[in-house]
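*Asks:* Below is the structure I would like to discuss, written out as structure tokens.
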Amino acid sequence: MDSLKKLTPFLSVAPQINAGDVGSLSALGYRAIINNRPDNEGAGQPASADLEAAARRLGLEYRHIPVISGQVTDEAVAAFQAALGEVKGPVLAFCRTGTRSTTLWALSEAHHLSSDAIVQTAADIGYDLQNLRPRLDARAATTASAGGGEVLPFTHATSFDVLIIGGGAGGCAAAASIRKRRPKLNIAIVEPSDKHYYQPAWTLVGGGAFDRAKTERPMAQVIPAGVRWIRAAAAGFEPDRNLVVLEDGTRLAYRTLIVAPGLQLRWDLIEGLSETLGKNGVTSNYLFDLAPYTYELVQGLKKGTALFTQPPMPIKCAGAPQKAMYLSCDYWLKHGTLKDIKVELNNAGGVLFGVSTFVPPLMKYVEKYGASLAFFSTLKGIDGAKKEAYFDVKGSDGNISRVTKKFDMIHVVPPQTAPEFIRNSPFADDMGWVDVDQETLRHKRYGNVFSLGDASSAPNAKTAAAVRKQAPVVAENVLAVLEGKSPRAVYDGNGSCPLTVEKGKVVLAEFGYGGELLPTFPLDPAVPRRTAWFLKAKMLPTLYWDLMLKGREWLAAPVMLPHEPQEREENPALDDCAKSKRA
């Protein structure tokens, strides 16, 4: 278990564990487990009762001290301190990321350890508790705290010109674009993960055409220079006071806020999926760990049934579900086994692709591979042991029936929503996404809040290419707000979706709002091309790591609209541009 971090010889902390990990902990010499995560907090989270049963079977003591994210109360600290005094060590404490467990330890030790020693000990294992100092000092002075949720003094360390939630593509690209324009601004990114992934290549990994290791880099290498990385999880927002609530209960203040936490893969919304994912022929290119398993299954399948699923929109990269099918079929065709394999794409929607221009070339490949298309067919459950998948299928009469389909291999794309702390926040629209103006990407109710990437409500394709175009727009508009001006940069919905139809050819679908074609190159975008494959497999990863995340906006400069009537008179074409984008 590489995720274990030792705070003291007696206590280690870790992110979420599962029942299978308990045996490993026992073998490593641990004698007690403290669970600091409330039940039902997240998808795929094992129940406390199941973990306790596993611990008891192996003779480990178990305590459940649930702490709501963002609310580390004095009562929880006292319970944690008491538990450490009661159980035998070594002890493993865990929560979603380990932050709450580390915070509980820190506050329980503040009566006899200095704040410097506590903060440094946590930093040595990757947890940033700088923002906890006021509360640590208060406890050290034996002054009773009111509990989790106090507002930190607004210092350089706890208030920022630009605060960014999320260290993925959107957060890092926006930070880099802002730093490029205003290097002296005080900018911070709140991100709990220590890894950053180039996710667009996972489809290629699942097709045996890309090295998975090249899709992963340490987060510390990706955070732009000069931007503070706060390695913690955001838990909530208080926008009326310009505050972000962290998982440990502390607050950070901001002048402007960028919300870019990505989306949540909802494996839990498909019954039985979490239990069988990664075995029994059940795979998904949407996970770093499973993309190689996809290729393993493709290589091993000589005959039988291969199912591919696509959930209701919106999802990350709308073309990814069928790209997995095309690359698999291409392998089977080249190895002479496709004739013995029944291939079927179960699509919850009613069309193969949302932009009609690209449907005919894609249909040629569907026909070439002899694949079946099952529209209005939504995966609802799966039994890996029985090799059965259960779909809700809507008929022409509008009635929905449950259909069971056998499989030898199934590639699953899960339903996707905004993260729970976004869905439950003041920033969410009716669907749970961050409610922004689709042009300026500014929140519709909070004028100093912006969002880009997968969590945004903008009706564009959720792709890295979209983020590449969005980041400069957000950068320009954030700076405008900081200067007391109105946003001037506009986003046209541009989002490329390279449709990998075979190993060596790609249909480069580039489009904006309303399906308007926005090709970068003066070529027919509906034609599969080897040059587009070279762009997808060779150039785009480099563009991502070395340009987009560095604030180098090659072919991504935003359209700027003037404010002053005089400027519009001097350049009436800008008025036409604004009108066309709002049409």
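Residues in the structure tokens are numbered from 1 in each chain, the chains being A, B, ... in the order shown, and ligands are numbered from 1 in the order shown.
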What's around segment 103-116 of chain A at 7 Å? Count only C-alpha atoms, leave out sequence neighbours fewer than 6 positions away in its own chain, and write the answer as a ChimeraX atom specification.

*Replies:* /A:77,80-81,133,136-137,139-140,248

*Asks:* For the residues in that selection, give me C-alpha atoms as a PDB file, in the first residue's frame.

*Replies:*
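Okay, this is what ended up in part.pdb:
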```
ATOM      1  CA  VAL A  77     -10.670  16.082  17.811  1.00  0.00           C
ATOM      2  CA  PHE A  80      -9.776  11.083  17.928  1.00  0.00           C
ATOM      3  CA  GLN A  81      -7.421  11.885  20.801  1.00  0.00           C
ATOM      4  CA  ARG A 133      -1.816  27.525  12.197  1.00  0.00           C
ATOM      5  CA  LEU A 136      -3.198  25.192  16.332  1.00  0.00           C
ATOM      6  CA  ASP A 137      -1.899  28.277  18.134  1.00  0.00           C
ATOM      7  CA  ARG A 139      -5.321  25.240  21.116  1.00  0.00           C
ATOM      8  CA  ALA A 140      -1.735  25.527  22.250  1.00  0.00           C
ATOM      9  CA  ASP A 248     -10.211  20.538   7.275  1.00  0.00           C
TER      10      ASP A 248
END
```

*Asks:* So that I can check the surroundings of Ala220 of chain A, please list as a list in words every protein, DNA and RNA residue that reaches within 9 Å of it, counting only C-alpha atoms and ignoring chain neighbours fewer than 2 positions away.

*Replies:*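 Listed by chain and then number, they are Asp194, Lys195, His196, Arg217, Pro218, Val222, Ile223, Pro224 and Trp229 of chain A.
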
*Asks:* I'd like to know which residues of segment 260-420 of chain A are strand (DSSP E or B) (by DSSP, run on the backbone); could you write them as an mmCIF file with N, CA and C atoms, in the first residue's frame?

*Replies:*
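Below you can see result-v7.cif, which holds the result:
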```cif
data_model
loop_
_atom_site.group_PDB
_atom_site.id
_atom_site.type_symbol
_atom_site.label_atom_id
_atom_site.label_comp_id
_atom_site.auth_asym_id
_atom_site.auth_seq_id
_atom_site.Cartn_x
_atom_site.Cartn_y
_atom_site.Cartn_z
ATOM 1 N N GLN A 264 -17.288 14.123 -11.976
ATOM 2 C CA GLN A 264 -17.265 12.896 -11.186
ATOM 3 C C GLN A 264 -17.770 11.736 -12.023
ATOM 4 N N LEU A 265 -16.993 10.668 -12.082
ATOM 5 C CA LEU A 265 -17.416 9.449 -12.768
ATOM 6 C C LEU A 265 -18.318 8.666 -11.828
ATOM 7 N N GLU A 271 -25.728 -0.450 -11.213
ATOM 8 C CA GLU A 271 -25.761 -1.482 -10.175
ATOM 9 C C GLU A 271 -24.768 -2.609 -10.480
ATOM 10 N N VAL A 282 -14.796 -6.823 -17.702
ATOM 11 C CA VAL A 282 -15.423 -5.502 -17.568
ATOM 12 C C VAL A 282 -14.319 -4.445 -17.450
ATOM 13 N N THR A 283 -14.295 -3.493 -18.368
ATOM 14 C CA THR A 283 -13.213 -2.515 -18.391
ATOM 15 C C THR A 283 -13.717 -1.132 -18.763
ATOM 16 N N GLY A 304 -16.926 -14.351 -29.657
ATOM 17 C CA GLY A 304 -17.889 -14.016 -28.618
ATOM 18 C C GLY A 304 -18.531 -12.664 -28.854
ATOM 19 N N THR A 305 -18.928 -12.011 -27.772
ATOM 20 C CA THR A 305 -19.659 -10.749 -27.853
ATOM 21 C C THR A 305 -18.906 -9.654 -27.106
ATOM 22 N N ALA A 306 -18.728 -8.533 -27.789
ATOM 23 C CA ALA A 306 -18.097 -7.356 -27.185
ATOM 24 C C ALA A 306 -19.104 -6.213 -27.180
ATOM 25 N N LEU A 307 -19.436 -5.726 -25.999
ATOM 26 C CA LEU A 307 -20.372 -4.624 -25.850
ATOM 27 C C LEU A 307 -19.621 -3.342 -25.490
ATOM 28 N N PHE A 308 -20.074 -2.238 -26.038
ATOM 29 C CA PHE A 308 -19.526 -0.925 -25.716
ATOM 30 C C PHE A 308 -20.709 -0.038 -25.332
ATOM 31 N N THR A 309 -20.558 0.771 -24.290
ATOM 32 C CA THR A 309 -21.684 1.563 -23.801
ATOM 33 C C THR A 309 -21.365 3.051 -23.814
ATOM 34 N N GLN A 310 -22.424 3.834 -23.970
ATOM 35 C CA GLN A 310 -22.326 5.290 -23.902
ATOM 36 C C GLN A 310 -23.503 5.804 -23.097
ATOM 37 N N LYS A 316 -17.428 13.398 -20.433
ATOM 38 C CA LYS A 316 -16.092 13.796 -20.843
ATOM 39 C C LYS A 316 -15.755 13.121 -22.166
ATOM 40 N N ILE A 341 -16.670 -12.244 -33.862
ATOM 41 C CA ILE A 341 -17.006 -11.420 -32.702
ATOM 42 C C ILE A 341 -18.205 -10.540 -33.024
ATOM 43 N N LYS A 342 -19.223 -10.614 -32.196
ATOM 44 C CA LYS A 342 -20.381 -9.736 -32.325
ATOM 45 C C LYS A 342 -20.097 -8.451 -31.561
ATOM 46 N N VAL A 343 -20.128 -7.329 -32.268
ATOM 47 C CA VAL A 343 -19.807 -6.023 -31.668
ATOM 48 C C VAL A 343 -21.064 -5.166 -31.634
ATOM 49 N N GLU A 344 -21.321 -4.548 -30.486
ATOM 50 C CA GLU A 344 -22.518 -3.721 -30.368
ATOM 51 C C GLU A 344 -22.226 -2.500 -29.504
ATOM 52 N N LEU A 345 -22.623 -1.344 -30.008
ATOM 53 C CA LEU A 345 -22.538 -0.092 -29.256
ATOM 54 C C LEU A 345 -23.919 0.246 -28.722
ATOM 55 N N ASN A 346 -24.033 0.295 -27.400
ATOM 56 C CA ASN A 346 -25.290 0.663 -26.750
ATOM 57 C C ASN A 346 -25.209 2.129 -26.332
ATOM 58 N N ASN A 347 -25.972 2.951 -27.036
ATOM 59 C CA ASN A 347 -25.907 4.392 -26.882
ATOM 60 C C ASN A 347 -27.197 4.892 -26.244
ATOM 61 N N SER A 372 -23.123 -3.410 -34.568
ATOM 62 C CA SER A 372 -24.541 -3.063 -34.411
ATOM 63 C C SER A 372 -24.660 -1.828 -33.532
ATOM 64 N N LEU A 373 -25.660 -1.014 -33.833
ATOM 65 C CA LEU A 373 -25.925 0.174 -33.039
ATOM 66 C C LEU A 373 -27.256 0.021 -32.328
ATOM 67 N N ALA A 374 -27.238 0.125 -31.009
ATOM 68 C CA ALA A 374 -28.457 0.047 -30.208
ATOM 69 C C ALA A 374 -28.672 1.412 -29.565
ATOM 70 N N PHE A 375 -29.564 2.213 -30.159
ATOM 71 C CA PHE A 375 -29.834 3.545 -29.636
ATOM 72 C C PHE A 375 -30.871 3.486 -28.513
ATOM 73 N N SER A 377 -30.418 2.958 -25.523
ATOM 74 C CA SER A 377 -30.114 1.783 -24.713
ATOM 75 C C SER A 377 -29.126 2.190 -23.626
ATOM 76 N N THR A 378 -29.578 2.236 -22.380
ATOM 77 C CA THR A 378 -28.794 2.765 -21.269
ATOM 78 C C THR A 378 -28.428 1.653 -20.290
ATOM 79 N N LEU A 379 -27.133 1.482 -20.043
ATOM 80 C CA LEU A 379 -26.678 0.463 -19.099
ATOM 81 C C LEU A 379 -27.120 0.826 -17.688
ATOM 82 N N LYS A 380 -27.787 -0.106 -17.008
ATOM 83 C CA LYS A 380 -28.297 0.132 -15.664
ATOM 84 C C LYS A 380 -27.723 -0.820 -14.626
ATOM 85 N N GLY A 381 -27.223 -1.956 -15.066
ATOM 86 C CA GLY A 381 -26.682 -2.921 -14.118
ATOM 87 C C GLY A 381 -25.790 -3.920 -14.817
ATOM 88 N N ILE A 382 -24.962 -4.606 -14.035
ATOM 89 C CA ILE A 382 -24.051 -5.581 -14.615
ATOM 90 C C ILE A 382 -23.743 -6.667 -13.591
ATOM 91 N N ASP A 383 -23.689 -7.889 -14.041
ATOM 92 C CA ASP A 383 -23.294 -9.034 -13.221
ATOM 93 C C ASP A 383 -22.074 -9.648 -13.877
ATOM 94 N N GLU A 388 -23.373 -10.799 -17.679
ATOM 95 C CA GLU A 388 -24.637 -10.240 -18.145
ATOM 96 C C GLU A 388 -24.675 -8.735 -17.866
ATOM 97 N N ALA A 389 -25.183 -7.982 -18.837
ATOM 98 C CA ALA A 389 -25.385 -6.545 -18.686
ATOM 99 C C ALA A 389 -26.867 -6.257 -18.860
ATOM 100 N N TYR A 390 -27.372 -5.308 -18.082
ATOM 101 C CA TYR A 390 -28.805 -5.017 -18.055
ATOM 102 C C TYR A 390 -29.038 -3.580 -18.532
ATOM 103 N N PHE A 391 -29.822 -3.459 -19.577
ATOM 104 C CA PHE A 391 -30.065 -2.165 -20.218
ATOM 105 C C PHE A 391 -31.528 -1.778 -20.125
ATOM 106 N N ASP A 392 -31.768 -0.476 -19.916
ATOM 107 C CA ASP A 392 -33.098 0.084 -20.108
ATOM 108 C C ASP A 392 -33.176 0.581 -21.548
ATOM 109 N N VAL A 393 -34.089 0.001 -22.327
ATOM 110 C CA VAL A 393 -34.198 0.314 -23.755
ATOM 111 C C VAL A 393 -35.544 0.980 -24.012
ATOM 112 N N LYS A 394 -35.499 2.172 -24.607
ATOM 113 C CA LYS A 394 -36.724 2.888 -24.935
ATOM 114 C C LYS A 394 -37.166 2.542 -26.343
ATOM 115 N N ILE A 400 -40.224 1.949 -21.842
ATOM 116 C CA ILE A 400 -38.886 1.461 -21.507
ATOM 117 C C ILE A 400 -38.982 0.035 -20.986
ATOM 118 N N SER A 401 -38.139 -0.822 -21.529
ATOM 119 C CA SER A 401 -38.102 -2.213 -21.088
ATOM 120 C C SER A 401 -36.688 -2.577 -20.666
ATOM 121 N N ARG A 402 -36.566 -3.508 -19.742
ATOM 122 C CA ARG A 402 -35.257 -3.977 -19.278
ATOM 123 C C ARG A 402 -34.823 -5.166 -20.148
ATOM 124 N N VAL A 403 -33.625 -5.037 -20.738
ATOM 125 C CA VAL A 403 -33.106 -6.058 -21.645
ATOM 126 C C VAL A 403 -31.786 -6.582 -21.096
ATOM 127 N N THR A 404 -31.649 -7.902 -21.063
ATOM 128 C CA THR A 404 -30.408 -8.544 -20.608
ATOM 129 C C THR A 404 -29.573 -8.941 -21.816
ATOM 130 N N LYS A 405 -28.288 -8.596 -21.787
ATOM 131 C CA LYS A 405 -27.384 -8.940 -22.885
ATOM 132 C C LYS A 405 -26.142 -9.627 -22.328
ATOM 133 N N LYS A 406 -25.796 -10.759 -22.922
ATOM 134 C CA LYS A 406 -24.600 -11.498 -22.529
ATOM 135 C C LYS A 406 -23.375 -10.842 -23.167
ATOM 136 N N MET A 409 -16.791 -9.456 -23.318
ATOM 137 C CA MET A 409 -16.048 -8.253 -22.963
ATOM 138 C C MET A 409 -17.026 -7.091 -23.018
ATOM 139 N N ILE A 410 -16.903 -6.176 -22.065
ATOM 140 C CA ILE A 410 -17.740 -4.974 -22.112
ATOM 141 C C ILE A 410 -16.885 -3.773 -21.706
ATOM 142 N N HIS A 411 -16.924 -2.740 -22.555
ATOM 143 C CA HIS A 411 -16.261 -1.481 -22.242
ATOM 144 C C HIS A 411 -17.335 -0.507 -21.770
ATOM 145 N N GLN A 416 -21.900 10.643 -15.747
ATOM 146 C CA GLN A 416 -20.970 11.640 -15.217
ATOM 147 C C GLN A 416 -21.722 12.883 -14.765
ATOM 148 N N THR A 417 -21.345 13.384 -13.591
ATOM 149 C CA THR A 417 -21.975 14.569 -13.027
ATOM 150 C C THR A 417 -20.885 15.496 -12.493
#
```

*Asks:* Would you kindly return, as a PyMOL selection string, each protein, DNA or RNA residue with an atom no farther than 8 Å from any atom of segment 120-124 of chain A, considering only C-alpha atoms and excluding same-chain residues fewer than 5 positions away?

*Replies:* chain A and resi 7+102+129

*Asks:* Per DSSP on the backbone, what are the helix (DSSP H, G or I) residues of segment 427-540 of chain A, as an NGL selection string?

*Replies:* :A and (453-455 or 464-482 or 513-515 or 530-540)

*Asks:* Can you write just those residues out, N, CA and C atoms, as a short mmCIF file (atom, residue, chain, number, x, y, z; two decimals), in the first residue's frame?

*Replies:*
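See out-v1.cif below for the written result:
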```cif
data_model
loop_
_atom_site.label_atom_id
_atom_site.label_comp_id
_atom_site.auth_asym_id
_atom_site.auth_seq_id
_atom_site.Cartn_x
_atom_site.Cartn_y
_atom_site.Cartn_z
N GLY A 453 -13.58 24.09 -18.09
CA GLY A 453 -13.39 22.65 -18.02
C GLY A 453 -14.68 21.90 -17.82
N ASP A 454 -14.56 20.68 -17.34
CA ASP A 454 -15.70 19.76 -17.30
C ASP A 454 -16.80 20.18 -16.34
N ALA A 455 -16.50 20.93 -15.28
CA ALA A 455 -17.51 21.30 -14.29
C ALA A 455 -18.38 22.46 -14.75
N ALA A 464 -10.18 18.33 -23.56
CA ALA A 464 -8.98 19.12 -23.27
C ALA A 464 -8.82 20.25 -24.28
N ALA A 465 -9.24 19.99 -25.52
CA ALA A 465 -9.16 21.03 -26.55
C ALA A 465 -10.05 22.22 -26.19
N ALA A 466 -11.19 21.96 -25.58
CA ALA A 466 -12.05 23.05 -25.14
C ALA A 466 -11.35 23.87 -24.06
N VAL A 467 -10.70 23.20 -23.13
CA VAL A 467 -9.97 23.90 -22.07
C VAL A 467 -8.88 24.79 -22.66
N ARG A 468 -8.22 24.31 -23.70
CA ARG A 468 -7.14 25.08 -24.33
C ARG A 468 -7.66 26.43 -24.82
N LYS A 469 -8.90 26.45 -25.31
CA LYS A 469 -9.51 27.70 -25.78
C LYS A 469 -10.14 28.50 -24.63
N GLN A 470 -10.60 27.81 -23.61
CA GLN A 470 -11.27 28.49 -22.50
C GLN A 470 -10.29 29.21 -21.58
N ALA A 471 -9.12 28.63 -21.36
CA ALA A 471 -8.18 29.18 -20.37
C ALA A 471 -7.79 30.63 -20.67
N PRO A 472 -7.44 30.99 -21.91
CA PRO A 472 -7.11 32.39 -22.18
C PRO A 472 -8.32 33.32 -21.98
N VAL A 473 -9.52 32.82 -22.29
CA VAL A 473 -10.72 33.63 -22.08
C VAL A 473 -10.90 33.93 -20.60
N VAL A 474 -10.78 32.90 -19.77
CA VAL A 474 -10.91 33.10 -18.32
C VAL A 474 -9.82 34.02 -17.80
N ALA A 475 -8.59 33.83 -18.31
CA ALA A 475 -7.47 34.67 -17.85
C ALA A 475 -7.75 36.14 -18.13
N GLU A 476 -8.16 36.45 -19.34
CA GLU A 476 -8.44 37.84 -19.70
C GLU A 476 -9.58 38.40 -18.86
N ASN A 477 -10.62 37.63 -18.66
CA ASN A 477 -11.79 38.14 -17.95
C ASN A 477 -11.56 38.26 -16.45
N VAL A 478 -10.77 37.37 -15.88
CA VAL A 478 -10.40 37.49 -14.46
C VAL A 478 -9.62 38.79 -14.24
N LEU A 479 -8.67 39.05 -15.13
CA LEU A 479 -7.88 40.28 -15.00
C LEU A 479 -8.75 41.52 -15.16
N ALA A 480 -9.73 41.45 -16.06
CA ALA A 480 -10.65 42.58 -16.23
C ALA A 480 -11.41 42.85 -14.94
N VAL A 481 -11.92 41.81 -14.30
CA VAL A 481 -12.66 41.98 -13.05
C VAL A 481 -11.75 42.54 -11.96
N LEU A 482 -10.52 42.05 -11.88
CA LEU A 482 -9.58 42.56 -10.88
C LEU A 482 -9.30 44.05 -11.09
N TYR A 513 -20.22 26.01 -30.58
CA TYR A 513 -21.62 26.01 -30.17
C TYR A 513 -22.54 25.78 -31.36
N GLY A 514 -23.58 24.98 -31.13
CA GLY A 514 -24.55 24.71 -32.18
C GLY A 514 -24.04 23.79 -33.27
N GLY A 515 -22.89 23.15 -33.04
CA GLY A 515 -22.34 22.26 -34.06
C GLY A 515 -21.65 22.97 -35.20
N ARG A 530 -4.30 10.28 -41.94
CA ARG A 530 -3.13 9.86 -41.19
C ARG A 530 -2.46 11.05 -40.52
N THR A 531 -2.54 12.21 -41.15
CA THR A 531 -1.97 13.41 -40.54
C THR A 531 -2.69 13.75 -39.24
N ALA A 532 -3.99 13.50 -39.19
CA ALA A 532 -4.75 13.75 -37.96
C ALA A 532 -4.36 12.76 -36.87
N TRP A 533 -4.03 11.52 -37.29
CA TRP A 533 -3.52 10.54 -36.33
C TRP A 533 -2.19 11.02 -35.75
N PHE A 534 -1.32 11.51 -36.58
CA PHE A 534 -0.03 12.02 -36.12
C PHE A 534 -0.24 13.16 -35.13
N LEU A 535 -1.21 14.03 -35.45
CA LEU A 535 -1.54 15.13 -34.54
C LEU A 535 -2.02 14.60 -33.20
N LYS A 536 -2.94 13.63 -33.24
CA LYS A 536 -3.53 13.08 -32.02
C LYS A 536 -2.50 12.33 -31.17
N ALA A 537 -1.73 11.45 -31.80
CA ALA A 537 -0.84 10.56 -31.05
C ALA A 537 0.51 11.16 -30.72
N LYS A 538 0.99 12.09 -31.55
CA LYS A 538 2.34 12.60 -31.38
C LYS A 538 2.39 14.06 -30.93
N MET A 539 1.60 14.91 -31.58
CA MET A 539 1.72 16.35 -31.33
C MET A 539 0.90 16.84 -30.14
N LEU A 540 -0.33 16.35 -30.01
CA LEU A 540 -1.21 16.90 -28.98
C LEU A 540 -0.69 16.68 -27.55
#
```
